[in-house]
Each structure stands twice: as C-alpha cells, then as structure tokens.
file input16.pdb (PDB, C-alpha atoms)
ATOM      1  CA  MET A   1     113.765  67.414  -5.837
ATOM      2  CA  SER A   2     111.273  68.595  -8.469
ATOM      3  CA  ALA A   3     108.143  70.472  -7.421
ATOM      4  CA  PRO A   4     105.019  68.281  -7.294
ATOM      5  CA  ALA A   5     102.613  68.628 -10.202
ATOM      6  CA  ILE A   6      99.332  70.457  -9.742
ATOM      7  CA  SER A   7      96.059  69.880 -11.579
ATOM      8  CA  VAL A   8      93.335  72.527 -11.731
ATOM      9  CA  VAL A   9      89.726  71.359 -12.175
ATOM     10  CA  VAL A  10      87.073  73.894 -13.202
ATOM     11  CA  PRO A  11      83.387  72.974 -13.694
ATOM     12  CA  THR A  12      82.015  75.119 -16.527
ATOM     13  CA  PHE A  13      78.621  76.021 -17.939
ATOM     14  CA  ASN A  14      78.141  78.977 -20.267
ATOM     15  CA  GLY A  15      81.116  80.701 -18.705
ATOM     16  CA  ALA A  16      82.479  82.553 -21.721
ATOM     17  CA  ALA A  17      82.140  85.928 -19.972
ATOM     18  CA  SER A  18      84.222  85.063 -16.908
ATOM     19  CA  LEU A  19      86.581  82.301 -18.032
ATOM     20  CA  PRO A  20      89.131  84.484 -19.884
ATOM     21  CA  ALA A  21      90.071  86.298 -16.662
ATOM     22  CA  LEU A  22      90.322  83.004 -14.782
ATOM     23  CA  LEU A  23      92.449  81.310 -17.426
ATOM     24  CA  ASN A  24      94.698  84.354 -17.833
ATOM     25  CA  SER A  25      95.323  84.359 -14.096
ATOM     26  CA  LEU A  26      96.100  80.654 -14.007
ATOM     27  CA  TRP A  27      98.536  80.734 -16.878
ATOM     28  CA  SER A  28     100.274  83.795 -15.417
ATOM     29  CA  GLN A  29     101.172  81.937 -12.219
ATOM     30  CA  ARG A  30     104.892  82.048 -11.486
ATOM     31  CA  THR A  31     105.351  78.611 -10.004
ATOM     32  CA  ALA A  32     107.805  75.759 -10.286
ATOM     33  CA  HIS A  33     104.918  73.295 -10.165
ATOM     34  CA  PRO A  34     104.013  71.656 -13.494
ATOM     35  CA  LEU A  35     100.437  72.762 -14.175
ATOM     36  CA  GLU A  36      97.513  71.211 -16.026
ATOM     37  CA  ILE A  37      93.958  72.525 -16.331
ATOM     38  CA  ILE A  38      90.908  70.283 -16.685
ATOM     39  CA  ALA A  39      87.454  71.680 -17.477
ATOM     40  CA  VAL A  40      84.290  69.719 -16.698
ATOM     41  CA  ASP A  41      81.623  71.194 -18.949
ATOM     42  CA  SER A  42      77.919  70.423 -18.585
ATOM     43  CA  GLY A  43      76.473  71.480 -21.920
ATOM     44  CA  SER A  44      77.662  75.024 -22.616
ATOM     45  CA  THR A  45      76.162  76.713 -25.680
ATOM     46  CA  ASP A  46      77.788  80.181 -25.475
ATOM     47  CA  GLY A  47      81.190  79.390 -26.976
ATOM     48  CA  THR A  48      82.734  78.131 -23.740
ATOM     49  CA  ILE A  49      84.027  74.932 -25.370
ATOM     50  CA  GLU A  50      85.683  76.876 -28.177
ATOM     51  CA  LEU A  51      87.213  79.262 -25.632
ATOM     52  CA  LEU A  52      88.617  76.383 -23.582
ATOM     53  CA  ALA A  53      90.126  74.624 -26.601
ATOM     54  CA  GLY A  54      93.842  75.287 -26.655
ATOM     55  CA  ARG A  55      93.843  76.826 -23.170
ATOM     56  CA  VAL A  56      93.221  73.678 -21.126
ATOM     57  CA  GLN A  57      94.699  70.231 -21.502
ATOM     58  CA  THR A  58      91.491  68.253 -20.978
ATOM     59  CA  ILE A  59      87.764  68.891 -21.397
ATOM     60  CA  VAL A  60      85.437  66.390 -19.725
ATOM     61  CA  GLN A  61      81.870  66.667 -20.974
ATOM     62  CA  VAL A  62      78.918  65.882 -18.708
ATOM     63  CA  ALA A  63      75.302  65.879 -19.897
ATOM     64  CA  PRO A  64      73.383  68.809 -18.357
ATOM     65  CA  ALA A  65      70.899  66.457 -16.712
ATOM     66  CA  ASP A  66      73.772  64.501 -15.134
ATOM     67  CA  PHE A  67      75.540  67.445 -13.506
ATOM     68  CA  ASP A  68      76.145  66.869  -9.817
ATOM     69  CA  HIS A  69      78.357  69.013  -7.583
ATOM     70  CA  GLY A  70      80.173  66.033  -6.143
ATOM     71  CA  LEU A  71      80.254  63.530  -8.985
ATOM     72  CA  SER A  72      81.064  66.057 -11.704
ATOM     73  CA  ARG A  73      84.086  67.251  -9.755
ATOM     74  CA  ASN A  74      85.100  63.635  -9.241
ATOM     75  CA  ALA A  75      84.994  63.177 -13.027
ATOM     76  CA  GLY A  76      87.553  65.955 -13.412
ATOM     77  CA  ILE A  77      89.778  64.795 -10.568
ATOM     78  CA  GLU A  78      89.821  61.263 -12.002
ATOM     79  CA  ARG A  79      91.553  62.711 -15.072
ATOM     80  CA  ALA A  80      94.035  64.713 -12.997
ATOM     81  CA  THR A  81      97.694  63.694 -12.879
ATOM     82  CA  GLY A  82      98.893  66.136 -10.214
ATOM     83  CA  GLU A  83      99.682  65.295  -6.610
ATOM     84  CA  PHE A  84      97.543  68.274  -5.607
ATOM     85  CA  VAL A  85      94.226  69.233  -7.207
ATOM     86  CA  VAL A  86      93.034  72.837  -7.211
ATOM     87  CA  LEU A  87      89.270  73.293  -7.543
ATOM     88  CA  LEU A  88      87.839  76.559  -8.862
ATOM     89  CA  VAL A  89      84.493  77.876 -10.031
ATOM     90  CA  GLN A  90      84.380  79.530 -13.435
ATOM     91  CA  ASP A  91      83.698  83.057 -12.126
ATOM     92  CA  ALA A  92      86.465  83.184  -9.505
ATOM     93  CA  GLU A  93      89.617  85.129 -10.343
ATOM     94  CA  PRO A  94      92.846  84.340  -8.457
ATOM     95  CA  VAL A  95      94.787  87.411  -7.328
ATOM     96  CA  GLY A  96      98.533  87.602  -7.906
ATOM     97  CA  THR A  97     101.023  85.423  -9.726
ATOM     98  CA  ASP A  98     101.890  83.409  -6.589
ATOM     99  CA  TRP A  99      98.317  82.357  -5.766
ATOM    100  CA  ILE A 100      98.860  78.668  -6.478
ATOM    101  CA  ASP A 101     102.076  78.531  -4.456
ATOM    102  CA  ARG A 102     100.356  80.162  -1.464
ATOM    103  CA  LEU A 103      97.398  77.764  -1.630
ATOM    104  CA  VAL A 104      99.539  74.640  -1.977
ATOM    105  CA  ALA A 105     102.313  75.540   0.492
ATOM    106  CA  PRO A 106     100.529  74.303   3.667
ATOM    107  CA  LEU A 107      99.842  70.915   2.039
ATOM    108  CA  ILE A 108     103.493  70.524   1.116
ATOM    109  CA  ALA A 109     104.580  71.512   4.617
ATOM    110  CA  ASN A 110     102.137  69.292   6.509
ATOM    111  CA  GLU A 111     101.189  65.821   5.290
ATOM    112  CA  THR A 112      98.306  65.580   7.768
ATOM    113  CA  LEU A 113      96.348  68.281   5.918
ATOM    114  CA  ALA A 114      93.739  67.035   3.436
ATOM    115  CA  GLY A 115      92.891  70.393   1.879
ATOM    116  CA  THR A 116      93.240  74.162   1.879
ATOM    117  CA  PHE A 117      90.979  76.939   0.641
ATOM    118  CA  SER A 118      91.251  80.582  -0.355
ATOM    119  CA  ARG A 119      89.985  83.860   1.011
ATOM    120  CA  GLN A 120      87.276  85.515  -1.099
ATOM    121  CA  VAL A 121      86.968  89.243  -1.730
ATOM    122  CA  PRO A 122      84.027  90.893  -3.540
ATOM    123  CA  ARG A 123      84.066  92.200  -7.075
ATOM    124  CA  ALA A 124      84.540  95.919  -7.595
ATOM    125  CA  ASP A 125      80.910  96.299  -8.691
ATOM    126  CA  ALA A 126      79.412  94.193  -5.873
ATOM    127  CA  SER A 127      76.410  95.656  -4.057
ATOM    128  CA  ALA A 128      76.678  96.760  -0.438
ATOM    129  CA  LEU A 129      74.554  93.768   0.534
ATOM    130  CA  ALA A 130      76.837  91.323  -1.278
ATOM    131  CA  ARG A 131      79.871  92.907   0.377
ATOM    132  CA  ALA A 132      78.305  92.637   3.811
ATOM    133  CA  GLN A 133      77.269  89.026   3.255
ATOM    134  CA  LEU A 134      80.798  88.048   2.242
ATOM    135  CA  ARG A 135      82.353  90.039   5.090
ATOM    136  CA  ASP A 136      80.502  87.854   7.607
ATOM    137  CA  TYR A 137      81.658  84.599   5.977
ATOM    138  CA  PRO A 138      84.533  82.632   7.621
ATOM    139  CA  GLY A 139      86.075  82.266   4.160
ATOM    140  CA  ALA A 140      86.590  86.035   3.962
ATOM    141  CA  LEU A 141      88.581  86.483   7.182
ATOM    142  CA  THR A 142      92.184  87.709   7.241
ATOM    143  CA  ASP A 143      93.569  85.304   9.866
ATOM    144  CA  ALA A 144      94.689  81.782   8.975
ATOM    145  CA  TRP A 145      93.225  78.823  10.811
ATOM    146  CA  THR A 146      93.301  75.027  10.732
ATOM    147  CA  SER A 147      90.417  72.770  11.716
ATOM    148  CA  ARG A 148      90.806  69.310  13.224
ATOM    149  CA  LEU A 149      88.686  66.843  15.173
ATOM    150  CA  THR A 150      91.282  65.292  17.454
ATOM    151  CA  GLY A 151      88.524  63.516  19.371
ATOM    152  CA  GLY A 152      86.946  62.067  16.227
ATOM    153  CA  ARG A 153      83.241  61.269  16.107
ATOM    154  CA  ARG A 154      82.779  61.714  19.861
ATOM    155  CA  GLU A 155      84.098  65.275  19.698
ATOM    156  CA  PHE A 156      81.989  66.054  16.620
ATOM    157  CA  ASP A 157      78.782  64.735  18.181
ATOM    158  CA  ALA A 158      79.370  66.775  21.336
ATOM    159  CA  LEU A 159      79.462  70.046  19.381
ATOM    160  CA  SER A 160      76.419  72.210  18.738
ATOM    161  CA  PRO A 161      75.064  72.126  15.163
ATOM    162  CA  VAL A 162      76.471  75.614  14.497
ATOM    163  CA  GLU A 163      79.921  74.631  15.753
ATOM    164  CA  ARG A 164      79.859  71.410  13.712
ATOM    165  CA  MET A 165      79.249  73.465  10.599
ATOM    166  CA  ARG A 166      81.961  75.986  11.493
ATOM    167  CA  ARG A 167      84.530  73.251  12.048
ATOM    168  CA  CYS A 168      83.739  71.898   8.580
ATOM    169  CA  THR A 169      83.934  75.226   6.747
ATOM    170  CA  PHE A 170      85.531  74.534   3.358
ATOM    171  CA  ASP A 171      84.803  76.132   0.018
ATOM    172  CA  ASN A 172      85.340  74.774  -3.479
ATOM    173  CA  VAL A 173      85.023  78.271  -4.932
ATOM    174  CA  ALA A 174      88.814  78.047  -4.626
ATOM    175  CA  SER A 175      90.365  75.097  -2.823
ATOM    176  CA  CYS A 176      93.137  72.521  -3.087
ATOM    177  CA  LEU A 177      92.921  68.819  -2.227
ATOM    178  CA  ARG A 178      95.582  66.237  -1.567
ATOM    179  CA  ARG A 179      94.780  63.701  -4.276
ATOM    180  CA  SER A 180      95.847  60.703  -2.194
ATOM    181  CA  VAL A 181      93.225  61.675   0.403
ATOM    182  CA  TRP A 182      90.577  62.184  -2.294
ATOM    183  CA  VAL A 183      91.237  58.644  -3.598
ATOM    184  CA  ARG A 184      90.082  57.332  -0.206
ATOM    185  CA  HIS A 185      87.451  60.028   0.293
ATOM    186  CA  PRO A 186      85.956  61.139  -3.041
ATOM    187  CA  PHE A 187      83.062  63.584  -3.148
ATOM    188  CA  LYS A 188      79.608  62.185  -2.574
ATOM    189  CA  ALA A 189      76.711  62.637  -4.979
ATOM    190  CA  THR A 190      74.948  65.800  -3.848
ATOM    191  CA  PRO A 191      72.993  68.740  -5.305
ATOM    192  CA  ILE A 192      74.973  71.228  -3.172
ATOM    193  CA  ALA A 193      77.527  71.553  -0.339
ATOM    194  CA  GLU A 194      79.881  68.840  -1.583
ATOM    195  CA  ASP A 195      82.752  70.810  -0.047
ATOM    196  CA  VAL A 196      81.566  70.914   3.571
ATOM    197  CA  GLU A 197      80.419  67.284   3.358
ATOM    198  CA  TRP A 198      83.914  66.314   2.190
ATOM    199  CA  ALA A 199      85.461  68.403   4.963
ATOM    200  CA  ARG A 200      83.340  66.584   7.551
ATOM    201  CA  GLU A 201      84.441  63.215   6.190
ATOM    202  CA  VAL A 202      88.173  63.942   6.111
ATOM    203  CA  LEU A 203      88.109  65.623   9.523
ATOM    204  CA  LEU A 204      86.422  62.546  10.999
ATOM    205  CA  ALA A 205      89.111  60.447   9.275
ATOM    206  CA  GLY A 206      91.800  62.318  11.223
ATOM    207  CA  PHE A 207      92.999  64.885   8.680
ATOM    208  CA  GLY A 208      93.028  68.668   8.958
ATOM    209  CA  ILE A 209      91.852  71.453   6.646
ATOM    210  CA  SER A 210      93.386  74.924   6.503
ATOM    211  CA  PHE A 211      92.122  78.350   5.497
ATOM    212  CA  VAL A 212      94.810  80.325   3.632
ATOM    213  CA  PRO A 213      93.879  84.039   3.725
ATOM    214  CA  ASP A 214      96.907  85.195   1.730
ATOM    215  CA  ALA A 215      95.693  83.113  -1.252
ATOM    216  CA  VAL A 216      92.935  85.422  -2.513
ATOM    217  CA  VAL A 217      90.284  85.101  -5.201
ATOM    218  CA  ILE A 218      87.809  87.719  -6.390
ATOM    219  CA  HIS A 219      84.339  86.245  -6.191
ATOM    220  CA  SER A 220      80.877  87.541  -5.286
ATOM    221  CA  HIS A 221      77.312  87.422  -6.595
ATOM    222  CA  ASP A 222      74.291  89.704  -6.872
ATOM    223  CA  ARG A 223      71.675  87.175  -7.881
ATOM    224  CA  SER A 224      67.905  87.419  -7.983
ATOM    225  CA  ALA A 225      65.818  86.872  -4.866
ATOM    226  CA  ARG A 226      64.151  83.872  -6.559
ATOM    227  CA  TYR A 227      67.521  82.256  -7.208
ATOM    228  CA  GLU A 228      68.733  82.996  -3.672
ATOM    229  CA  PHE A 229      65.589  81.483  -2.171
ATOM    230  CA  GLU A 230      65.985  78.250  -4.136
ATOM    231  CA  ARG A 231      69.687  77.974  -3.346
ATOM    232  CA  THR A 232      69.211  78.770   0.345
ATOM    233  CA  ARG A 233      66.430  76.197   0.667
ATOM    234  CA  LEU A 234      68.564  73.535  -0.989
ATOM    235  CA  LEU A 235      71.597  74.421   1.122
ATOM    236  CA  HIS A 236      69.739  74.333   4.414
ATOM    237  CA  GLU A 237      68.238  70.945   3.612
ATOM    238  CA  ARG A 238      71.802  69.671   3.340
ATOM    239  CA  LEU A 239      73.031  71.544   6.414
ATOM    240  CA  PHE A 240      70.386  69.879   8.553
ATOM    241  CA  ARG A 241      71.296  66.437   7.255
ATOM    242  CA  LEU A 242      75.022  67.025   7.672
ATOM    243  CA  PHE A 243      75.057  68.897  10.973
ATOM    244  CA  GLY A 244      71.551  68.908  12.438
ATOM    245  CA  LEU A 245      71.414  72.668  11.856
ATOM    246  CA  ARG A 246      68.152  74.635  11.782
ATOM    247  CA  THR A 247      68.849  78.356  11.845
ATOM    248  CA  ILE A 248      65.146  79.334  11.802
ATOM    249  CA  PRO A 249      63.195  76.455  13.367
ATOM    250  CA  ARG A 250      59.792  78.067  14.081
ATOM    251  CA  ARG A 251      57.352  80.291  12.209
ATOM    252  CA  SER A 252      57.631  82.907  14.935
ATOM    253  CA  ASP A 253      61.408  82.934  14.367
ATOM    254  CA  LEU A 254      60.778  83.316  10.637
ATOM    255  CA  ALA A 255      58.595  86.385  11.102
ATOM    256  CA  ARG A 256      61.171  88.027  13.361
ATOM    257  CA  ALA A 257      63.984  87.179  10.955
ATOM    258  CA  MET A 258      62.160  88.741   8.015
ATOM    259  CA  VAL A 259      61.409  91.963   9.898
ATOM    260  CA  SER A 260      64.944  92.336  11.231
ATOM    261  CA  SER A 261      66.463  91.437   7.846
ATOM    262  CA  LEU A 262      64.396  94.105   6.128
ATOM    263  CA  GLY A 263      65.803  96.790   8.382
ATOM    264  CA  VAL A 264      69.366  95.537   8.037
ATOM    265  CA  HIS A 265      69.179  95.167   4.260
ATOM    266  CA  LEU A 266      67.686  98.595   3.631
ATOM    267  CA  GLY A 267      70.207 100.111   6.021
ATOM    268  CA  ARG A 268      73.064  98.624   4.045
ATOM    269  CA  GLU A 269      71.632  99.753   0.703
ATOM    270  CA  TRP A 270      70.277 103.157   1.763
ATOM    271  CA  ARG A 271      72.702 104.960  -0.574
ATOM    272  CA  SER A 272      71.463 102.927  -3.575
ATOM    273  CA  PRO A 273      67.669 103.327  -4.048
ATOM    274  CA  ALA A 274      67.799 101.127  -7.153
ATOM    275  CA  GLN A 275      68.807  98.235  -4.873
ATOM    276  CA  TRP A 276      65.940  98.670  -2.392
ATOM    277  CA  PRO A 277      63.434  96.322  -4.115
ATOM    278  CA  ARG A 278      65.989  93.520  -4.307
ATOM    279  CA  ALA A 279      67.139  94.149  -0.737
ATOM    280  CA  ALA A 280      63.535  93.903   0.466
ATOM    281  CA  ALA A 281      62.925  90.729  -1.558
ATOM    282  CA  LEU A 282      66.050  89.106  -0.105
ATOM    283  CA  ALA A 283      64.823  89.936   3.404
ATOM    284  CA  VAL A 284      62.052  87.438   2.646
ATOM    285  CA  ALA A 285      63.953  84.993   0.411
ATOM    286  CA  TRP A 286      66.916  84.239   2.657
ATOM    287  CA  PRO A 287      65.008  83.626   5.936
ATOM    288  CA  TYR A 288      62.233  81.695   4.212
ATOM    289  CA  GLY A 289      64.786  79.547   2.381
ATOM    290  CA  GLN A 290      66.504  78.773   5.695
ATOM    291  CA  TYR A 291      63.214  77.952   7.415
ATOM    292  CA  LEU A 292      61.845  75.762   4.637
ATOM    293  CA  GLY A 293      65.148  74.030   3.906
ATOM    294  CA  GLY A 294      65.690  73.102   7.538
ATOM    295  CA  ARG A 295      62.102  71.887   7.816
ATOM    296  CA  LEU A 296      62.455  69.703   4.707
ATOM    297  CA  GLY A 297      65.786  68.375   5.901
ATOM    298  CA  GLN A 298      64.325  67.394   9.242
ATOM    299  CA  SER A 299      61.311  65.765   7.590
ATOM    300  CA  GLY A 300      63.509  63.556   5.427
ATOM    301  CA  VAL A 301      61.880  64.838   2.225
ATOM    302  CA  THR A 302      64.352  65.448  -0.603
ATOM    303  CA  SER A 303      63.274  68.292  -2.847
ATOM    304  CA  PRO A 304      64.567  68.627  -6.419
ATOM    305  CA  ARG A 305      67.230  71.105  -7.460
ATOM    306  CA  ARG A 306      65.807  73.563  -9.951
ATOM    307  CA  PRO A 307      67.760  73.754 -13.228
ATOM    308  CA  GLY A 308      70.346  76.507 -13.136
ATOM    309  CA  VAL A 309      70.554  76.690  -9.343
ATOM    310  CA  ALA A 310      74.030  75.753  -8.110
TER     311      ALA A 310
END
call {"tool": "encode", "arguments": {"input": "input16.pdb", "output": "structure tokens"}}
result
Amino acid sequence: MSAPAISVVVPTFNGAASLPALLNSLWSQRTAHPLEIIAVDSGSTDGTIELLAGRVQTIVQVAPADFDHGLSRNAGIERATGEFVVLLVQDAEPVGTDWIDRLVAPLIANETLAGTFSRQVPRADASALARAQLRDYPGALTDAWTSRLTGGRREFDALSPVERMRRCTFDNVASCLRRSVWVRHPFKATPIAEDVEWAREVLLAGFGISFVPDAVVIHSHDRSARYEFERTRLLHERLFRLFGLRTIPRRSDLARAMVSSLGVHLGREWRSPAQWPRAAALAVAWPYGQYLGGRLGQSGVTSPRRPGVA
C-alpha cells in the first residue's frame, strides 16, 4: 500500500528572510509520503513570491485587506490534494529529516484523531523572557498527550474556563489535520485563534487531538511591547468568547499582575541590561492586554485587528 499524500500549507507575508530555512527543511524530509507545498500569500513586497516560485507547487494570493487566519488557511487547504494537511507559519523551522513522518504517524495509526501538533523550541538568539514564556506553554512540553471530550458538550460545559482552554490546546505554528475532518469542520472566519477554535469544534464532534513532542520546530518571537499588547488583547477577546476565560477580571487584579510581572521579568533578564526596558514594558503590555481583551470579550464589543498584528 502506498503512503498517503501530504500537503503543506504555509501562509506568507514578506517572509523572504525566514522562508529559505523552512523550505530547505521541508524538501529535505526523508519520507515515503508524496509531498506538495502550497503558499497562501497576502501581498508580499519583499521578494517572497519570487522566492516561492519553483519551490512550491501552488501559490494562492489573498488581498492584504482580506487576510483572515481561518479563511486564508481554508483557501490553501481547498487547493490541497493530500489526505493529511500540514500547517506551518513562515518563520517556523522543522527539526530533522523525519519531522513530517513523526507528525503524521499518530493520524495514520488512529482514525479517531482529527489533528496533531508539534513541540516548539526557542531560537538560539531568543531572549531569556521569550525562552521562559515558551517553557510555560503546553506546546513546549516533552511528554505526549491526547485530548478528548468523551462526555461531549456536557463535559465541556462542566469544566472551568481554564480547563476548557487547556483541553483545546492546538497550535497551527506547526500542525497536521486530517483533511476529511476539515471538510466537515473547516476553520471559521476569525482574526486570531483559529486553531483552538477548530480544536474545540472537532473535540465536541467526538474526535481527538494529539501533541507530538518528538516532532519539533524552532519558533519563538521577541516582539515589541506595543505589538504584544495588541495581540494579547485580541487573543483574550477570543478566549473569553470561546471558553469564558478572563485571566485578569478586575482592576485590582491588573495592578497586582503588573507589579508581580515587573519583578519576574527583570529577574529573568537581569543578565541582559539592554533587555530591561522591553521587559518592563511587557510587564504592563501583557497584563493590560489580558484585562482589556477579556473585558471587551465579555461586553460583546468586537475590536478591530490592527494591520500587521497576527
């Protein structure tokens, strides 16, 4: 029996700096699976399109104003021919030549799984704060796990908001979907968090999702405090609407979170004085983004996504 085909879908935007490493890693995979790569580009102007030409089979172009985390990925998956669809971001770099086989193996072995996702490790030049943030993320653990909701909606509703979110942990930084499940459960239109929303839907439909820690990608960010505030606010709007989660519900909680975060951040970056201003700014940006996002989510107000924030 021949190995099932695999399609890789990568949303791109001005990714010329990081895409060569990603594409080199993909084409170096030692796998029996026939492989195709589909890029979904949303208006790159830095030579990304020229770089992709000849290295991917299909380029889907989306107008910058029309980019949407869910719908733009759907546009790529619609063009996919593989039985399994790997989703990657343009600045993730798979580790090893057997990465695809490791990520896909649980789906081949268990037809009740809807998707799998990779473990993330930080870049060599990542700040201490970025390393610590990733270390605390469930998608950076070293033990495999599978999530299911055997009791369906009743079980989900009985969970706390935090536990609902944990059960639905899924990350399209580096994931793989069973295409037949996606046909019934495509991504929803959303400015962020299309992955955890999809995980919630397929779990409630009776499928499972698995974390595969031995399929590793290099991926981390050291972004500005302004960017992190906007992204955190947007994310926590969605997390309230998906799970009822408010991590910082009151102003008094916000003040305490900022003070404690300042101490933690400076403690982590004490060896790098050049990082202290950013660490201090993030001690305000992250808690305030959580507080405001949860408040907006609870109010029912939908705030716009600023251009460039993803």
call {"tool": "resolve_selection", "arguments": {"input": "input16.pdb", "expression": "the PyMOL selection byres ((chain A and resi 271-288) around 8)", "output": "list of chain:residue names"}}
result
A:Leu129, A:Ser224, A:Ala225, A:Arg226, A:Glu228, A:Phe229, A:Thr232, A:Arg233, A:Ile248, A:Leu254, A:Ala257, A:Met258, A:Val259, A:Ser261, A:Leu262, A:His265, A:Leu266, A:Arg268, A:Glu269, A:Trp270, A:Gly289, A:Gln290, A:Tyr291, A:Leu292
call {"tool": "residues_around", "arguments": {"input": "input16.pdb", "residues": "Pro94 (chain A)", "least_positions_apart": "4", "cutoff": "7 Å", "atoms": "only C-alpha atoms", "output": "PDB file with C-alpha atoms, in the coordinates of the input"}}
result
ATOM      1  CA  LEU A  22      90.322  83.004 -14.782  1.00  0.00           C
ATOM      2  CA  SER A  25      95.323  84.359 -14.096  1.00  0.00           C
ATOM      3  CA  TRP A  99      98.317  82.357  -5.766  1.00  0.00           C
ATOM      4  CA  VAL A 216      92.935  85.422  -2.513  1.00  0.00           C
ATOM      5  CA  VAL A 217      90.284  85.101  -5.201  1.00  0.00           C
ATOM      6  CA  ILE A 218      87.809  87.719  -6.390  1.00  0.00           C
TER       7      ILE A 218
END
call {"tool": "residues_near_point", "arguments": {"input": "input16.pdb", "point": "(78.5, 88.7, -10.4)", "cutoff": "12 Å", "atoms": "all atoms listed in the file", "output": "PyMOL selection string"}}
result
chain A and resi 15+17-18+90-93+122-127+130-131+218-224
call {"tool": "closest_residue", "arguments": {"input": "input16.pdb", "among": "A:Leu242, A:Val9, A:Leu19, A:Leu296", "to": "Pro161 (chain A)", "atoms": "all atoms listed in the file"}}
result
A:Leu242
call {"tool": "atom_distance", "arguments": {"input": "input16.pdb", "atom1": "CA of Val121 (chain A)", "atom2": "CA of Ile37 (chain A)"}}
result
23.3 Å
call {"tool": "resolve_selection", "arguments": {"input": "input16.pdb", "expression": "the PyMOL selection byres ((chain A and resi 5) around 10)", "output": "list in words"}}
result
Ser2, Ala3, Pro4, Ile6, Ser7, Ala32, His33, Pro34, Leu35, Glu36, Ala80, Thr81, Gly82, Glu83, Phe84 and Val85 of chain A
call {"tool": "closest_residue", "arguments": {"input": "input16.pdb", "among": "A:Gln133, A:Thr142, A:Thr112, A:Asn14", "to": "Ser180 (chain A)", "atoms": "all atoms listed in the file"}}
result
A:Thr112
call {"tool": "closest_atom_pairs", "arguments": {"input": "input16.pdb", "of": "region 111-157 of chain A", "to": "region 183-201 of chain A", "cutoff": "12 Å", "atoms": "only C-alpha atoms", "output": "Markdown table"}}
result
| residue | atom | partner | partner_atom | distance |
| --- | --- | --- | --- | --- |
| A:Leu113 | CA | A:Ala199 | CA | 10.9 |
| A:Ala114 | CA | A:Ala199 | CA | 8.5 |
| A:Gly115 | CA | A:Ala199 | CA | 8.3 |
| A:Thr116 | CA | A:Ala199 | CA | 10.2 |
| A:Phe117 | CA | A:Asp195 | CA | 10.3 |
| A:Thr146 | CA | A:Ala199 | CA | 11.8 |
| A:Ser147 | CA | A:Ala199 | CA | 9.4 |
| A:Arg148 | CA | A:Arg200 | CA | 9.8 |
| A:Leu149 | CA | A:Arg200 | CA | 9.3 |
| A:Gly152 | CA | A:Glu201 | CA | 10.4 |
| A:Arg153 | CA | A:Arg200 | CA | 10.1 |
| A:Phe156 | CA | A:Arg200 | CA | 9.2 |
| A:Asp157 | CA | A:Arg200 | CA | 11.7 |
call {"tool": "residues_around", "arguments": {"input": "input16.pdb", "residues": "Gln29 (chain A)", "least_positions_apart": "3", "cutoff": "6 Å", "atoms": "all atoms listed in the file", "output": "list in words"}}
result
Leu26, Thr97 and Asp98 of chain A
call {"tool": "resolve_selection", "arguments": {"input": "input16.pdb", "expression": "the PyMOL selection byres ((chain A and resi 39) around 9)", "output": "list of chain:residue names"}}
result
A:Val8, A:Val9, A:Val10, A:Pro11, A:Thr12, A:Ile37, A:Ile38, A:Val40, A:Asp41, A:Leu52, A:Val56, A:Gln57, A:Thr58, A:Ile59, A:Val60, A:Gln61, A:Gly76
call {"tool": "atom_distance", "arguments": {"input": "input16.pdb", "atom1": "CA of Arg241 (chain A)", "atom2": "CA of Glu155 (chain A)"}}
result
17.9 Å
call {"tool": "residues_around", "arguments": {"input": "input16.pdb", "residues": "Arg246 (chain A)", "least_positions_apart": "4", "cutoff": "8 Å", "atoms": "all atoms listed in the file", "output": "PyMOL selection string"}}
result
chain A and resi 236+239-240+290-291+294-295
call {"tool": "closest_residue", "arguments": {"input": "input16.pdb", "among": "A:Leu141, A:Ser28, A:Ser252, A:Gly47", "to": "Ala16 (chain A)", "atoms": "all atoms listed in the file"}}
result
A:Gly47
call {"tool": "axis_aligned_box", "arguments": {"input": "input16.pdb", "around": "region 54-71 of chain A", "padding_each_side": "3 Å", "output": "AutoDock Vina command-line options"}}
result
--center_x 82.8 --center_y 70.2 --center_z -16.4 --size_x 29.8 --size_y 19.3 --size_z 26.5
call {"tool": "closest_residue", "arguments": {"input": "input16.pdb", "among": "A:Val181, A:Leu103, A:Ile209, A:Ala174", "to": "Val89 (chain A)", "atoms": "all atoms listed in the file"}}
result
A:Ala174
call {"tool": "closest_residue", "arguments": {"input": "input16.pdb", "among": "A:Ala21, A:Gly293, A:Ser44, A:Ala132", "to": "Leu235 (chain A)", "atoms": "all atoms listed in the file"}}
result
A:Gly293
call {"tool": "atom_distance", "arguments": {"input": "input16.pdb", "atom1": "CA of Ser299 (chain A)", "atom2": "CA of Val162 (chain A)"}}
result
19.4 Å
call {"tool": "closest_residue", "arguments": {"input": "input16.pdb", "among": "A:Leu204, A:Asp66, A:Thr302, A:Thr31", "to": "Arg154 (chain A)", "atoms": "only C-alpha atoms"}}
result
A:Leu204
